[in-house]
Each structure stands twice: as structure tokens, then as C-alpha cells.
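Novice: Pasting coords-v8.csv here (CSV, C-alpha atoms):
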```
chain,number,residue,atom,x,y,z
U,1,MET,CA,-20.6,-64.2,11.7
U,2,LYS,CA,-16.9,-64.6,11.4
U,3,ALA,CA,-17.0,-63.5,7.8
U,4,SER,CA,-19.0,-60.4,8.7
U,5,LYS,CA,-16.5,-59.5,11.4
U,6,PHE,CA,-13.7,-59.9,8.9
U,7,LEU,CA,-15.5,-57.7,6.4
U,8,GLY,CA,-16.1,-55.1,9.1
U,9,PHE,CA,-12.4,-55.0,9.9
U,10,PHE,CA,-11.5,-54.8,6.3
U,11,THR,CA,-13.9,-51.9,5.8
U,12,VAL,CA,-12.3,-50.0,8.7
U,13,VAL,CA,-8.8,-50.7,7.4
U,14,SER,CA,-9.6,-49.7,3.9
U,15,LEU,CA,-11.3,-46.5,5.0
U,16,LEU,CA,-8.3,-45.5,7.1
U,17,THR,CA,-5.9,-46.2,4.2
U,18,LEU,CA,-8.0,-44.0,2.0
U,19,ASN,CA,-8.2,-41.2,4.5
U,20,VAL,CA,-4.5,-41.2,5.0
U,21,ALA,CA,-4.0,-41.1,1.2
U,22,CYS,CA,-6.5,-38.3,0.9
U,23,LYS,CA,-4.8,-36.3,3.7
U,24,GLU,CA,-1.4,-36.8,2.2
U,25,SER,CA,-2.4,-35.5,-1.1
U,26,SER,CA,-3.9,-32.3,0.4
U,27,ASN,CA,-0.9,-31.9,2.7
U,28,LYS,CA,1.3,-32.1,-0.3
U,29,GLU,CA,-0.6,-29.3,-2.0
U,30,GLU,CA,-0.4,-27.2,1.0
U,31,THR,CA,3.4,-27.7,1.1
U,32,ASP,CA,3.6,-26.8,-2.6
U,33,GLN,CA,1.7,-23.6,-2.0
U,34,THR,CA,4.0,-22.6,0.9
U,35,ALA,CA,7.0,-23.2,-1.2
U,36,GLU,CA,5.6,-20.9,-3.9
U,37,THR,CA,4.9,-18.1,-1.4
U,38,VAL,CA,8.4,-18.3,-0.1
U,39,GLU,CA,9.8,-18.2,-3.6
U,40,VAL,CA,7.8,-15.0,-4.3
U,41,ALA,CA,9.0,-13.4,-1.1
U,42,ASP,CA,12.6,-14.3,-2.0
U,43,ASN,CA,12.3,-12.6,-5.3
U,44,THR,CA,11.0,-9.5,-3.7
U,45,ALA,CA,13.8,-9.4,-1.2
U,46,GLU,CA,16.3,-9.8,-4.1
U,47,GLU,CA,14.8,-7.0,-6.1
U,48,ALA,CA,14.8,-4.8,-3.0
U,49,ALA,CA,18.5,-5.5,-2.5
U,50,GLU,CA,19.3,-4.9,-6.1
U,51,GLU,CA,17.7,-1.4,-6.0
U,52,THR,CA,20.1,1.1,-4.7
U,53,ARG,CA,18.6,2.8,-1.7
U,54,THR,CA,18.6,6.5,-2.0
U,55,GLY,CA,18.1,8.8,0.9
U,56,TYR,CA,18.7,8.5,4.6
U,57,LYS,CA,18.4,5.4,6.8
U,58,ILE,CA,18.0,5.5,10.5
U,59,GLY,CA,21.3,6.5,12.1
U,60,ASP,CA,22.5,8.6,9.1
U,61,VAL,CA,23.6,12.2,9.6
U,62,ALA,CA,21.2,14.5,7.8
U,63,THR,CA,22.3,17.5,5.8
U,64,ASP,CA,21.5,21.0,6.9
U,65,PHE,CA,20.0,23.5,4.4
U,66,SER,CA,19.2,27.1,4.0
U,67,LEU,CA,15.8,27.5,2.4
U,68,LYS,CA,13.4,30.4,1.9
U,69,ASN,CA,10.6,30.6,4.5
U,70,THR,CA,7.2,32.1,3.7
U,71,ASP,CA,8.3,35.4,5.5
U,72,GLY,CA,11.0,35.8,2.8
U,73,LYS,CA,13.9,35.0,5.1
U,74,ASN,CA,16.1,31.9,4.8
U,75,VAL,CA,15.9,29.3,7.5
U,76,ALA,CA,18.6,26.7,8.4
U,77,LEU,CA,18.6,24.0,11.1
U,78,ARG,CA,21.7,25.5,12.7
U,79,ASP,CA,19.8,28.8,13.2
U,80,MET,CA,17.7,27.1,15.9
U,81,ALA,CA,20.5,27.1,18.5
U,82,ASP,CA,18.3,25.9,21.4
U,83,ALA,CA,16.8,22.9,19.6
U,84,LYS,CA,17.6,19.4,20.8
U,85,GLY,CA,16.5,18.1,17.4
U,86,TYR,CA,13.9,18.7,14.7
U,87,ILE,CA,10.7,17.3,13.3
U,88,VAL,CA,11.4,17.8,9.6
U,89,ILE,CA,8.2,17.3,7.6
U,90,PHE,CA,8.0,17.3,3.8
U,91,THR,CA,4.5,18.6,3.1
U,92,CYS,CA,2.7,20.8,0.7
U,93,ASN,CA,-0.5,22.8,-0.1
U,94,HIS,CA,-2.3,20.7,-2.6
U,95,CYS,CA,-2.1,17.1,-1.3
U,96,PRO,CA,-5.3,15.9,0.5
U,97,TYR,CA,-3.1,13.8,2.9
U,98,ALA,CA,-1.0,16.9,3.7
U,99,LYS,CA,-4.2,18.9,4.2
U,100,ALA,CA,-5.6,16.2,6.5
U,101,TYR,CA,-2.5,16.5,8.7
U,102,GLU,CA,-2.2,20.3,8.8
U,103,ASP,CA,-3.8,20.7,12.1
U,104,ARG,CA,-1.9,17.8,13.6
U,105,ILE,CA,1.4,19.3,12.3
U,106,ILE,CA,0.5,22.6,14.0
U,107,ALA,CA,-0.3,20.7,17.2
U,108,LEU,CA,3.1,18.9,17.1
U,109,ASP,CA,4.9,22.2,16.8
U,110,LYS,CA,2.9,23.7,19.7
U,111,LYS,CA,3.6,20.7,21.9
U,112,TYR,CA,7.3,20.1,21.1
U,113,LYS,CA,8.9,23.4,20.1
U,114,ALA,CA,9.1,24.4,23.8
U,115,LYS,CA,10.6,21.0,24.6
U,116,GLY,CA,13.3,21.4,22.0
U,117,TYR,CA,11.9,19.7,19.0
U,118,PRO,CA,10.4,22.3,16.6
U,119,VAL,CA,8.6,21.4,13.4
U,120,VAL,CA,10.4,22.5,10.2
U,121,ALA,CA,8.1,22.0,7.1
U,122,ILE,CA,9.5,21.8,3.6
U,123,ASN,CA,7.5,21.9,0.4
U,124,PRO,CA,9.4,19.7,-2.0
U,125,ASN,CA,7.2,20.1,-5.0
U,126,ASN,CA,8.2,22.0,-8.1
U,127,PRO,CA,5.7,24.9,-8.4
U,128,GLU,CA,5.9,24.7,-12.1
U,129,LYS,CA,4.5,21.2,-12.0
U,130,MET,CA,2.0,22.0,-9.3
U,131,LYS,CA,0.6,25.5,-9.3
U,132,ASP,CA,-1.0,25.1,-5.9
U,133,ASP,CA,2.4,24.6,-4.3
U,134,SER,CA,3.9,28.0,-5.5
U,135,PHE,CA,5.7,30.2,-3.1
U,136,GLU,CA,2.8,32.7,-3.1
U,137,LYS,CA,0.3,29.9,-2.4
U,138,MET,CA,2.5,28.7,0.4
U,139,GLN,CA,2.5,32.2,1.9
U,140,GLU,CA,-1.3,32.3,1.7
U,141,ARG,CA,-1.7,28.9,3.3
U,142,ALA,CA,0.7,29.6,6.1
U,143,LYS,CA,-1.2,32.8,6.9
U,144,GLU,CA,-4.7,31.2,6.7
U,145,LYS,CA,-3.7,28.3,9.0
U,146,GLY,CA,-1.5,30.4,11.2
U,147,PHE,CA,1.5,28.2,10.9
U,148,THR,CA,3.8,28.5,14.0
U,149,PHE,CA,6.7,26.9,12.2
U,150,PRO,CA,8.9,27.6,9.2
U,151,TYR,CA,7.3,26.5,5.9
U,152,LEU,CA,10.2,26.4,3.4
U,153,LEU,CA,10.4,26.0,-0.3
U,154,ASP,CA,12.8,23.4,-1.6
U,155,ASP,CA,13.8,25.6,-4.4
U,156,GLY,CA,15.3,23.6,-7.3
U,157,GLN,CA,14.1,20.4,-5.5
U,158,LYS,CA,17.6,19.7,-4.1
U,159,ILE,CA,17.0,18.8,-0.5
U,160,TYR,CA,14.2,16.2,-0.6
U,161,PRO,CA,16.2,13.7,-2.7
U,162,GLN,CA,19.1,13.8,-0.2
U,163,TYR,CA,16.6,12.9,2.6
U,164,GLY,CA,15.0,10.3,0.3
U,165,ALA,CA,11.5,11.7,0.8
U,166,THR,CA,9.1,10.3,-1.8
U,167,LYS,CA,5.7,11.8,-0.8
U,168,THR,CA,3.9,14.3,1.2
U,169,PRO,CA,3.6,14.2,4.2
U,170,HIS,CA,6.9,12.4,4.9
U,171,VAL,CA,8.5,13.0,8.4
U,172,TYR,CA,12.2,12.8,9.4
U,173,ILE,CA,12.9,13.2,13.1
U,174,LEU,CA,16.5,14.4,13.7
U,175,GLN,CA,18.4,14.5,17.0
U,176,LYS,CA,21.1,17.1,17.4
U,177,THR,CA,24.4,15.4,18.4
U,178,ASP,CA,28.1,16.4,18.4
U,179,ASN,CA,28.4,14.5,15.1
U,180,GLY,CA,25.5,16.3,13.4
U,181,ASN,CA,21.8,15.8,13.1
U,182,VAL,CA,21.1,12.1,13.3
U,183,VAL,CA,18.0,10.6,11.7
U,184,LYS,CA,16.0,8.8,14.4
U,185,TYR,CA,12.6,8.3,12.7
U,186,ILE,CA,11.3,8.2,9.1
U,187,GLY,CA,7.7,7.9,8.1
U,188,ALA,CA,4.1,8.8,9.0
U,189,ILE,CA,2.7,11.1,11.7
U,190,ASP,CA,0.3,8.5,13.0
U,191,ASP,CA,-1.7,5.5,11.9
U,192,ASN,CA,-4.9,7.1,10.7
U,193,TYR,CA,-4.8,10.0,8.2
U,194,GLU,CA,-8.6,10.4,7.8
U,195,ASP,CA,-9.8,10.3,11.4
U,196,GLU,CA,-7.7,11.9,14.1
U,197,SER,CA,-10.0,10.6,16.8
U,198,ALA,CA,-9.5,7.0,15.7
U,199,VAL,CA,-5.6,7.3,15.9
U,200,GLU,CA,-4.1,4.4,17.9
U,201,ALA,CA,-0.4,4.9,17.3
U,202,LYS,CA,1.1,8.4,17.4
U,203,TYR,CA,4.4,7.5,15.8
U,204,VAL,CA,6.0,11.0,15.8
U,205,GLU,CA,4.9,11.9,19.4
U,206,ASP,CA,6.1,8.5,20.6
U,207,ALA,CA,9.5,9.0,18.9
U,208,VAL,CA,10.0,12.5,20.2
U,209,ASP,CA,8.9,11.5,23.7
U,210,ALA,CA,11.4,8.7,23.7
U,211,LEU,CA,14.2,10.9,22.5
U,212,LEU,CA,13.4,13.5,25.2
U,213,ALA,CA,13.4,10.7,27.8
U,214,GLY,CA,16.8,9.5,26.5
U,215,LYS,CA,15.3,6.3,25.3
U,216,ASP,CA,15.4,4.4,22.1
U,217,VAL,CA,12.7,5.3,19.6
U,218,PRO,CA,10.1,2.5,19.8
U,219,VAL,CA,9.0,2.5,16.1
U,220,LYS,CA,11.7,3.8,13.8
U,221,GLU,CA,10.1,3.5,10.4
U,222,THR,CA,6.5,3.5,9.2
U,223,LYS,CA,4.8,3.7,5.8
U,224,ALA,CA,1.8,5.8,4.7
U,225,ILE,CA,0.0,6.6,1.5
U,226,GLY,CA,0.9,10.1,0.3
U,227,CYS,CA,1.1,12.2,-2.8
U,228,SER,CA,4.2,11.5,-4.8
U,229,ILE,CA,6.6,14.5,-5.0
U,230,LYS,CA,6.4,16.5,-8.2
U,231,ALA,CA,9.9,17.5,-9.2
E,1,MET,CA,-27.1,-60.7,4.4
E,2,LYS,CA,-23.7,-62.0,3.4
E,3,LEU,CA,-24.1,-60.3,0.0
E,4,ILE,CA,-24.6,-56.9,1.7
E,5,PHE,CA,-21.6,-57.3,3.9
E,6,SER,CA,-19.4,-58.4,1.1
E,7,LYS,CA,-20.4,-55.3,-1.0
E,8,LEU,CA,-20.3,-52.9,1.9
E,9,PRO,CA,-16.6,-52.3,1.9
E,10,ILE,CA,-16.5,-51.7,-1.8
E,11,PHE,CA,-19.4,-49.3,-1.5
E,12,ILE,CA,-17.7,-47.4,1.3
E,13,ALA,CA,-14.4,-47.4,-0.5
E,14,ILE,CA,-16.1,-45.8,-3.6
E,15,LEU,CA,-17.8,-43.3,-1.3
E,16,ALA,CA,-14.5,-42.4,0.3
E,17,ILE,CA,-12.8,-42.0,-3.1
E,18,VAL,CA,-15.5,-39.7,-4.4
E,19,SER,CA,-15.4,-37.5,-1.3
E,20,CYS,CA,-11.6,-37.5,-1.4
E,21,LYS,CA,-11.8,-36.3,-5.0
E,22,GLU,CA,-14.2,-33.6,-4.1
E,23,VAL,CA,-11.8,-32.2,-1.5
E,24,SER,CA,-8.9,-32.1,-3.9
E,25,ASN,CA,-11.1,-30.4,-6.5
E,26,GLU,CA,-11.9,-27.7,-4.1
E,27,VAL,CA,-8.2,-27.0,-3.5
E,28,VAL,CA,-7.6,-26.6,-7.3
E,29,LYS,CA,-10.7,-24.4,-7.8
E,30,GLU,CA,-10.1,-20.7,-6.9
E,31,ALA,CA,-11.8,-19.4,-3.8
E,32,PRO,CA,-14.7,-17.1,-4.4
E,33,ALA,CA,-14.1,-13.3,-4.2
E,34,PRO,CA,-14.4,-12.0,-0.6
E,35,SER,CA,-17.3,-9.9,0.4
E,36,PRO,CA,-16.7,-6.2,0.4
E,37,VAL,CA,-16.9,-4.2,3.7
E,38,LYS,CA,-19.2,-1.8,1.9
E,39,VAL,CA,-20.7,-1.2,-1.6
E,40,TYR,CA,-21.1,2.3,-2.8
E,41,THR,CA,-23.7,2.9,-5.4
E,42,ASN,CA,-24.6,6.0,-7.5
E,43,GLN,CA,-27.3,5.1,-10.1
E,44,ASP,CA,-25.7,2.7,-12.5
E,45,ILE,CA,-22.3,2.8,-11.0
E,46,SER,CA,-21.3,0.7,-8.0
E,47,VAL,CA,-18.0,0.2,-6.3
E,48,LYS,CA,-17.0,-2.4,-3.8
E,49,ALA,CA,-14.9,-1.3,-0.8
E,50,TYR,CA,-12.3,-3.7,0.8
E,51,GLU,CA,-9.9,-3.6,3.7
E,52,TYR,CA,-6.6,-5.3,3.4
E,53,GLU,CA,-7.9,-8.7,4.2
E,54,GLY,CA,-10.3,-8.6,1.3
E,55,LEU,CA,-7.8,-6.9,-1.0
E,56,GLN,CA,-5.3,-9.7,-0.7
E,57,TYR,CA,-7.5,-11.9,-2.8
E,58,PHE,CA,-7.1,-9.6,-5.8
E,59,LEU,CA,-3.3,-9.5,-5.4
E,60,ASN,CA,-2.7,-13.2,-5.3
E,61,ARG,CA,-5.0,-14.9,-7.8
E,62,ASP,CA,-3.7,-18.2,-9.0
E,63,ASN,CA,-5.0,-18.7,-12.6
E,64,ASP,CA,-4.0,-18.2,-16.2
E,65,THR,CA,-4.7,-14.4,-16.2
E,66,THR,CA,-2.0,-11.7,-15.9
E,67,TYR,CA,-3.3,-9.0,-13.6
E,68,VAL,CA,-2.3,-5.3,-13.8
E,69,ILE,CA,-3.2,-3.7,-10.4
E,70,ASN,CA,-2.9,0.1,-10.3
E,71,PHE,CA,-3.2,2.0,-7.0
E,72,TRP,CA,-4.5,5.5,-7.7
E,73,ALA,CA,-6.9,8.2,-6.3
E,74,THR,CA,-9.0,10.9,-7.9
E,75,TRP,CA,-6.8,13.6,-6.1
E,76,CYS,CA,-3.6,12.1,-7.5
E,77,VAL,CA,-2.7,14.1,-10.6
E,78,PRO,CA,-0.1,11.8,-12.1
E,79,CYS,CA,-2.5,8.9,-11.5
E,80,ILE,CA,-5.2,10.5,-13.5
E,81,GLU,CA,-2.8,11.3,-16.2
E,82,GLU,CA,-1.8,7.6,-16.7
E,83,LEU,CA,-5.3,6.2,-16.2
E,84,PRO,CA,-6.1,6.2,-20.0
E,85,TYR,CA,-3.0,4.0,-20.5
E,86,PHE,CA,-4.4,1.4,-18.2
E,87,GLU,CA,-7.7,1.6,-19.9
E,88,LYS,CA,-6.1,1.2,-23.3
E,89,LEU,CA,-4.1,-1.8,-22.1
E,90,ASN,CA,-7.2,-3.4,-20.6
E,91,THR,CA,-9.1,-3.1,-23.9
E,92,LYS,CA,-6.2,-4.1,-26.2
E,93,TYR,CA,-5.3,-7.3,-24.3
E,94,LYS,CA,-8.9,-8.2,-23.3
E,95,GLU,CA,-8.8,-11.5,-25.3
E,96,ASP,CA,-5.3,-12.3,-24.1
E,97,LYS,CA,-6.0,-13.1,-20.5
E,98,VAL,CA,-5.0,-9.7,-19.2
E,99,LYS,CA,-7.1,-7.9,-16.6
E,100,VAL,CA,-6.6,-4.4,-15.3
E,101,LEU,CA,-7.9,-3.6,-11.7
E,102,LEU,CA,-7.9,-0.1,-10.5
E,103,VAL,CA,-7.6,0.1,-6.7
E,104,SER,CA,-8.7,3.6,-5.6
E,105,LEU,CA,-7.2,4.9,-2.4
E,106,ASP,CA,-9.6,7.8,-2.1
E,107,MET,CA,-10.4,8.6,1.5
E,108,ARG,CA,-13.8,7.4,2.7
E,109,LYS,CA,-15.2,10.9,3.0
E,110,MET,CA,-14.2,11.5,-0.7
E,111,ILE,CA,-15.8,8.3,-2.1
E,112,GLU,CA,-19.3,9.8,-2.5
E,113,SER,CA,-18.2,13.3,-3.3
E,114,LYS,CA,-15.3,12.7,-5.6
E,115,LEU,CA,-14.8,9.0,-6.7
E,116,MET,CA,-18.4,8.2,-7.7
E,117,PRO,CA,-18.9,11.3,-9.8
E,118,PHE,CA,-15.5,10.7,-11.4
E,119,LEU,CA,-16.4,7.1,-12.3
E,120,LYS,CA,-19.7,8.2,-13.7
E,121,GLU,CA,-18.1,10.7,-15.9
E,122,LYS,CA,-15.3,8.6,-17.1
E,123,GLN,CA,-17.3,5.3,-17.6
E,124,LEU,CA,-14.1,3.3,-17.1
E,125,LYS,CA,-14.0,-0.1,-18.7
E,126,SER,CA,-11.4,-1.6,-16.2
E,127,ASP,CA,-12.7,-3.0,-12.9
E,128,VAL,CA,-12.5,-0.6,-10.0
E,129,ILE,CA,-12.5,-1.3,-6.3
E,130,VAL,CA,-11.7,1.0,-3.4
E,131,MET,CA,-9.4,0.3,-0.5
E,132,THR,CA,-10.6,1.9,2.7
E,133,ASP,CA,-8.2,0.6,5.3
E,134,PRO,CA,-6.7,3.7,7.0
E,135,ASP,CA,-3.9,1.9,8.9
E,136,ALA,CA,-1.6,2.0,5.9
E,137,ASN,CA,1.6,1.2,7.8
E,138,SER,CA,0.2,-2.3,8.4
E,139,TRP,CA,-0.6,-3.1,4.8
E,140,ILE,CA,1.8,-1.1,2.6
E,141,PRO,CA,4.8,-3.4,3.4
E,142,LYS,CA,2.6,-6.5,2.8
E,143,ILE,CA,1.8,-5.3,-0.7
E,144,ASP,CA,5.5,-4.7,-1.4
E,145,SER,CA,8.4,-4.3,0.9
E,146,THR,CA,9.9,-1.6,-1.3
E,147,TRP,CA,6.8,0.6,-1.5
E,148,SER,CA,7.1,3.9,0.3
E,149,GLY,CA,3.4,4.6,0.0
E,150,ALA,CA,3.6,7.2,-2.8
E,151,ILE,CA,1.1,6.7,-5.6
E,152,PRO,CA,0.8,6.0,-8.4
E,153,ALA,CA,2.0,2.4,-7.8
E,154,THR,CA,1.4,-0.7,-9.9
E,155,ILE,CA,1.7,-4.4,-9.6
E,156,ILE,CA,1.8,-6.7,-12.6
E,157,TYR,CA,1.6,-10.4,-11.8
E,158,ASN,CA,0.5,-13.8,-12.8
E,159,LYS,CA,1.0,-17.2,-11.2
E,160,GLU,CA,4.6,-17.3,-12.2
E,161,LYS,CA,5.9,-13.7,-12.1
E,162,ARG,CA,5.3,-10.6,-10.1
E,163,LYS,CA,6.7,-7.1,-10.3
E,164,PHE,CA,6.0,-3.9,-8.4
E,165,TYR,CA,6.5,-0.3,-9.6
E,166,GLU,CA,6.4,2.9,-7.6
E,167,GLN,CA,6.3,5.2,-10.6
E,168,SER,CA,4.2,6.8,-13.3
E,169,PHE,CA,4.0,5.0,-16.7
E,170,THR,CA,3.8,6.1,-20.3
E,171,TYR,CA,1.6,3.7,-22.4
E,172,ASP,CA,4.7,2.2,-24.1
E,173,GLY,CA,6.4,1.7,-20.8
E,174,LEU,CA,3.4,0.0,-19.3
E,175,GLU,CA,2.9,-2.3,-22.3
E,176,THR,CA,6.6,-3.2,-22.3
E,177,GLU,CA,6.4,-4.2,-18.7
E,178,LEU,CA,3.2,-6.2,-19.3
E,179,LEU,CA,4.9,-8.1,-22.1
E,180,SER,CA,8.0,-8.8,-20.0
E,181,ILE,CA,5.8,-10.6,-17.5
E,182,LYS,CA,3.0,-12.1,-19.6
```
Could you render the structure as C-alpha cells?
Specialist:
Amino acid sequence: MKASKFLGFFTVVSLLTLNVACKESSNKEETDQTAETVEVADNTAEEAAEETRTGYKIGDVATDFSLKNTDGKNVALRDMADAKGYIVIFTCNHCPYAKAYEDRIIALDKKYKAKGYPVVAINPNNPEKMKDDSFEKMQERAKEKGFTFPYLLDDGQKIYPQYGATKTPHVYILQKTDNGNVVKYIGAIDDNYEDESAVEAKYVEDAVDALLAGKDVPVKETKAIGCSIKA
Amino acid sequence: MKLIFSKLPIFIAILAIVSCKEVSNEVVKEAPAPSPVKVYTNQDISVKAYEYEGLQYFLNRDNDTTYVINFWATWCVPCIEELPYFEKLNTKYKEDKVKVLLVSLDMRKMIESKLMPFLKEKQLKSDVIVMTDPDANSWIPKIDSTWSGAIPATIIYNKEKRKFYEQSFTYDGLETELLSIK
């Protein structure tokens, strides 16, 4: 009886030891994996830092421009004397994402022009690279859709690189200040390009509402899939 | 009786060791591919659709293969232009543990009308999946912190190295990058 008790005790002890050993080995593997992930993340951060960032960051003063509108007249930001700021949107004719947002861009202008934040749309694409984005096609599209805002051609593709736009649509919200037009938001219009009714976050509206209320913009930068700009 | 008791601890110990080994084997072995949110089929062509959660698996595989992941869409002109280079790379390095995966970002409403006919016509040799997560702001930075969201975009990675490219490639440029990582 004593012997069996001892054996039972031995069994329990040996099992515990094994369990601990087993756990330790799997814990070690987990730790190793975490270390690997961190290393990868570090590399990415380093690479990002190495790359020279072009274009505007939040808080930068954006350049004004004078670009040809679809009505043939040039438009500059300074022309809109009553504006408190601008919703500058790099967009175009051909891109499916740009098309998906056309009606929402019109709605933004309707809602915010009267409040002091008009939409200013700029087509950054080189028409020689993308026939659908020619000045004539821009005129057609503006007429068809009844654009209520200027739709400008970035002739020679000089303005979009200064802003740092990489795709269409790409939004820059500027606030007019004594020091110039300050960049307050960069990114997407909202969080669902394909289904307006499923949108949960209206980034541009939230940003402009905040600026109008004298508040800080809640989400200052967002990312979205878009068509790369054809220069 | 005594014999059984004396053998019991050894038996249990062996059992424990075996089960312990099984657990660690599972850790080493790669997890199975996640199930897609939807499978699109058009006669002999079928494409699996994933949201970001499922896509992650394809971007972080831990084995001896070097993966070339290209984000593209049928509507993206520069993407279509460089697609043959990815196909060529996939064929040329087939025996050298290199795999190309084409991740289509076609909108859901365009999958049936544009993507499937395109795949049927082109008969691509590389693997194709489709990413249908519309909340891009949540997943673009997770794929790469430097990605603005413009396509084409490409990742080349293996278990040791990883590089991200927001650009178009020539065939030579793509091959050079592959060889710098492989």
C-alpha cells in the first residue's frame, strides 16, 4: 500500500514536471515568434524613415494654383474670397473609384460650399497617358453630372506632386488662415467606396464639421485604394 | 498489482512525452489556409474572396518559399500592363521555391462582370485571390505603413526578408528585386 502511494505521488510529480517542460518549450516558441514580428516591424519603420516624404503633411501650408476649369477660365483658391477653406480633391474621369465617389463629391460641395468650404476638383492625370482624362472629356463629364464645383486640369502635372497626391480620389482639406492655406486633413472621403449606404465613417464631413465648429479634426489622415496618377 | 503500479508512471510519462511532441509539431507545421468569405465560380474558373483577416495568412507565410504578392485590379491600366511580367516570373522560378499571388482589388460588383471574364480569357498561371474588404483605411496601413493605397503595389517576402513597392515594374526590375530577396 505504501509502495503504491509512493508510486502515485511519483506519477503526479513526473507528470507535472513534463507539463511544465512542455509549456516552457511552447512559450519559448511564442516568444521567438514575437521577436520576429517586432524585427519585421522595425525594418518597415526604418525603410519608411529612409524614404524622403514628398508632399504635404498635416499642418503644412499648401500652395495656391491657377488652373484651367472646364468652362475655359482659370481658377485659383484666392479667387474664392468668401471661403473659410477648401476641399481639394484630386480626381478624374476614368478611375472606377473616382466614378464611385462622383455623386458624393457633388453632395459635399452642395453641403459645404454655403458654409465656406467649397469643393475644388483637380484632374492630375496626363491626358496623353489617359485619353479618358482629356480636357474635352472632363468638360463632357462635368456637364453630364452637373458638377457644381470647379473641375481643373493640372496641366503639365505640376500641382499634384507638390501636394503629394498619389491616386484618385485623394482629398486635401485646407483651412484659410493668416499664414496661408493650412492642410488639416489628407485621405479618403469615407470608409466605403462601393456602398454609400454602408458608410460608417464620413472622414471629410467629420473634418469639415470640426473645422467649422473651431475644433480639432478627429481623424487627420486616412488611406484608401485608388488609381495611381498617370503623369 | 504491484507490477501495474510500478509500470504506470513510466506509461504515463511516455504518454505525456508523446502528447507534448504532438503539440510542438503543430507549432512547427504551418496553419491551414483560412476559409474564404466567398468563392466565385464561372465554369472552370474559380476565385476565392477574402477579407483582411483571411488575407493576412498569404502575406505572412513562414516556409522556404519566396512569395511575390501583387495588388492589382482589372480596371487598373498599369497593373494590366505589368501582369505578364508576374506571370513570366512565376513560370521561370517555378522550380526555385518562388510563388506569385495576384490579389485582385476589383470591387465586389465588378467580380462577376469584369474579373471572372478577364481570368477566363487570360488563363493566368499564377494564383489569384480577390480582396473584398471595403474598409481600406483599416487594412492598408497593416499591409505596409508606407502604402498610400495606389495600385499597382507589390510585396516580395520570405521568412527572412520583406520589401514593399508602391510602383509599376518592368520585367527586369521585378526580377532584380526578387533576386535581391531570394
Novice: Out of E:Leu115, E:Phe71, E:Ser35, E:Lys99, which residue has the shortest atom-to-atom distance to Tyr165 in chain E when counting all atoms listed in the file?
Specialist: E:Phe71
Novice: Taking (6.9, 10.4, -14.9) in the file's coordinates, which residues come within 10 Å, counting only C-alpha atoms, written as an MDAnalysis selection string?
Specialist: (chainID U and resid 230:231) or (chainID E and resid 78 81:82 152 167:170)
Novice: Find, counting all atoms listed in the file, the residue in E:Tyr57, E:Tyr40, E:Tyr67, E:Tyr52 that gets nearest to Ile155 in chain E.
Specialist: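 Of E:Tyr57, E:Tyr40, E:Tyr67, E:Tyr52, the one nearest Ile155 in chain E is E:Tyr67, counting all atoms listed in the file.
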Novice: Distance limit 6 Å, atoms considered: only C-alpha atoms. Which chain U residues sit that close to chain E? Return them as a ChimeraX atom specification.
Specialist: /U:11,22,167,191-192,222-228
Novice: Mind pulling up the distance from CA of Tyr117 in chain U to CA of Ala83 in chain U?
Specialist: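 Taking CA of Ala83 in chain U as the start and CA of Tyr117 in chain U as the end point, the length is 5.9 Å.
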Novice: Would you compute the distance between CA of Ser126 in chain E and CA of Ala49 in chain E? Give it in Å to one decimal.
Specialist: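 Going from CA of Ser126 in chain E over to CA of Ala49 in chain E covers 15.8 Å.
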Novice: Counting only C-alpha atoms, which of E:Asp64, E:Glu87, E:Asp172, E:Glu177 gets nearest to Gln123 in chain E?
Specialist: E:Glu87
Novice: Please compute the CA of Thr168 in chain U-CA of Ala98 in chain U distance, one decimal, in Å.
Specialist: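 Between CA of Thr168 in chain U and CA of Ala98 in chain U the gap is 6.1 Å.
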Novice: Residues of range 98-123 of chain U that approach range 63-82 of chain U to 12 Å or less, counting all atoms listed in the file: could you list each one with the shortest pair of atoms and its distance in Å to one decimal, rows by chain and increasing residue number, as CSV?
Specialist:
```
residue,atom,partner,partner_atom,distance
U:Lys113,CA,U:Asp82,CA,9.8
U:Ala114,CA,U:Asp82,CA,9.6
U:Lys115,CA,U:Asp82,CA,9.7
U:Gly116,CA,U:Asp82,CA,6.8
U:Tyr117,CA,U:Asp82,CA,9.2
U:Pro118,CA,U:Met80,CA,8.8
U:Val119,CA,U:Leu77,CA,10.6
U:Val120,CA,U:Leu77,CA,8.4
U:Ala121,CA,U:Asn69,CA,9.3
U:Ile122,CA,U:Leu67,CA,8.6
U:Asn123,CA,U:Asn69,CA,10.1
```
Novice: Which is closer to Val68 in chain E than all the others in E:Ser104, E:Ser180, E:Asn90, E:Ser113, using only C-alpha atoms?
Specialist: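 With only C-alpha atoms as the atom set, the closest residue is E:Asn90.
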Novice: Near range 126-133 of chain U, counting all atoms listed in the file, which residues have an atom at most 10 Å away, once you skip same-chain residues fewer than 3 positions from it, shown as an NGL selection string?
Specialist: (:U and (91-95 or 123 or 136-139 or 141 or 153-157 or 229-231)) or (:E and (77))
Novice: Could you check the closest approach to Trp72 in chain E for each of E:Leu174, E:Val128, E:Met110, E:Ile181 and tell me which residue wins, using all atoms listed in the file?
Specialist: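 Once distances to Trp72 in chain E are computed over all atoms listed in the file, the minimum belongs to E:Val128.
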Novice: Let me make sure I understand: among U:Gly85, U:Gly187, U:Gly146, U:Gly180, which one has the smallest atom-to-atom distance to Ala107 in chain U if we use all atoms listed in the file?
Specialist: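 Nearest candidate to Ala107 in chain U out of U:Gly85, U:Gly187, U:Gly146, U:Gly180: U:Gly146.
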Novice: List every protein, DNA or RNA residue that has an atom no more than 8 Å from (9.1, 5.8, 15.3) in the file's coordinate frame, counting all atoms listed in the file, and report them as a list of chain:residue names.
Specialist: U:Lys184, U:Tyr185, U:Ile186, U:Gly187, U:Tyr203, U:Val204, U:Asp206, U:Ala207, U:Val217, U:Pro218, U:Val219, U:Lys220, U:Glu221, U:Thr222
Novice: Write out as a ChimeraX atom specification the residues lying within 8 Å of Thr66 in chain E, counting all atoms listed in the file and excluding same-chain residues fewer than 5 positions away.
Specialist: /E:97-99,156-159,182
Novice: Please identify all polymer residues within 12 Å of Ala33 in chain E, counting all atoms listed in the file, omitting same-chain residues fewer than 6 positions from it, and present them as a list of chain:residue names.
Specialist: E:Lys48, E:Tyr50, E:Glu53, E:Gly54, E:Leu55, E:Gln56, E:Tyr57, E:Phe58, E:Leu59, E:Asn60, E:Arg61
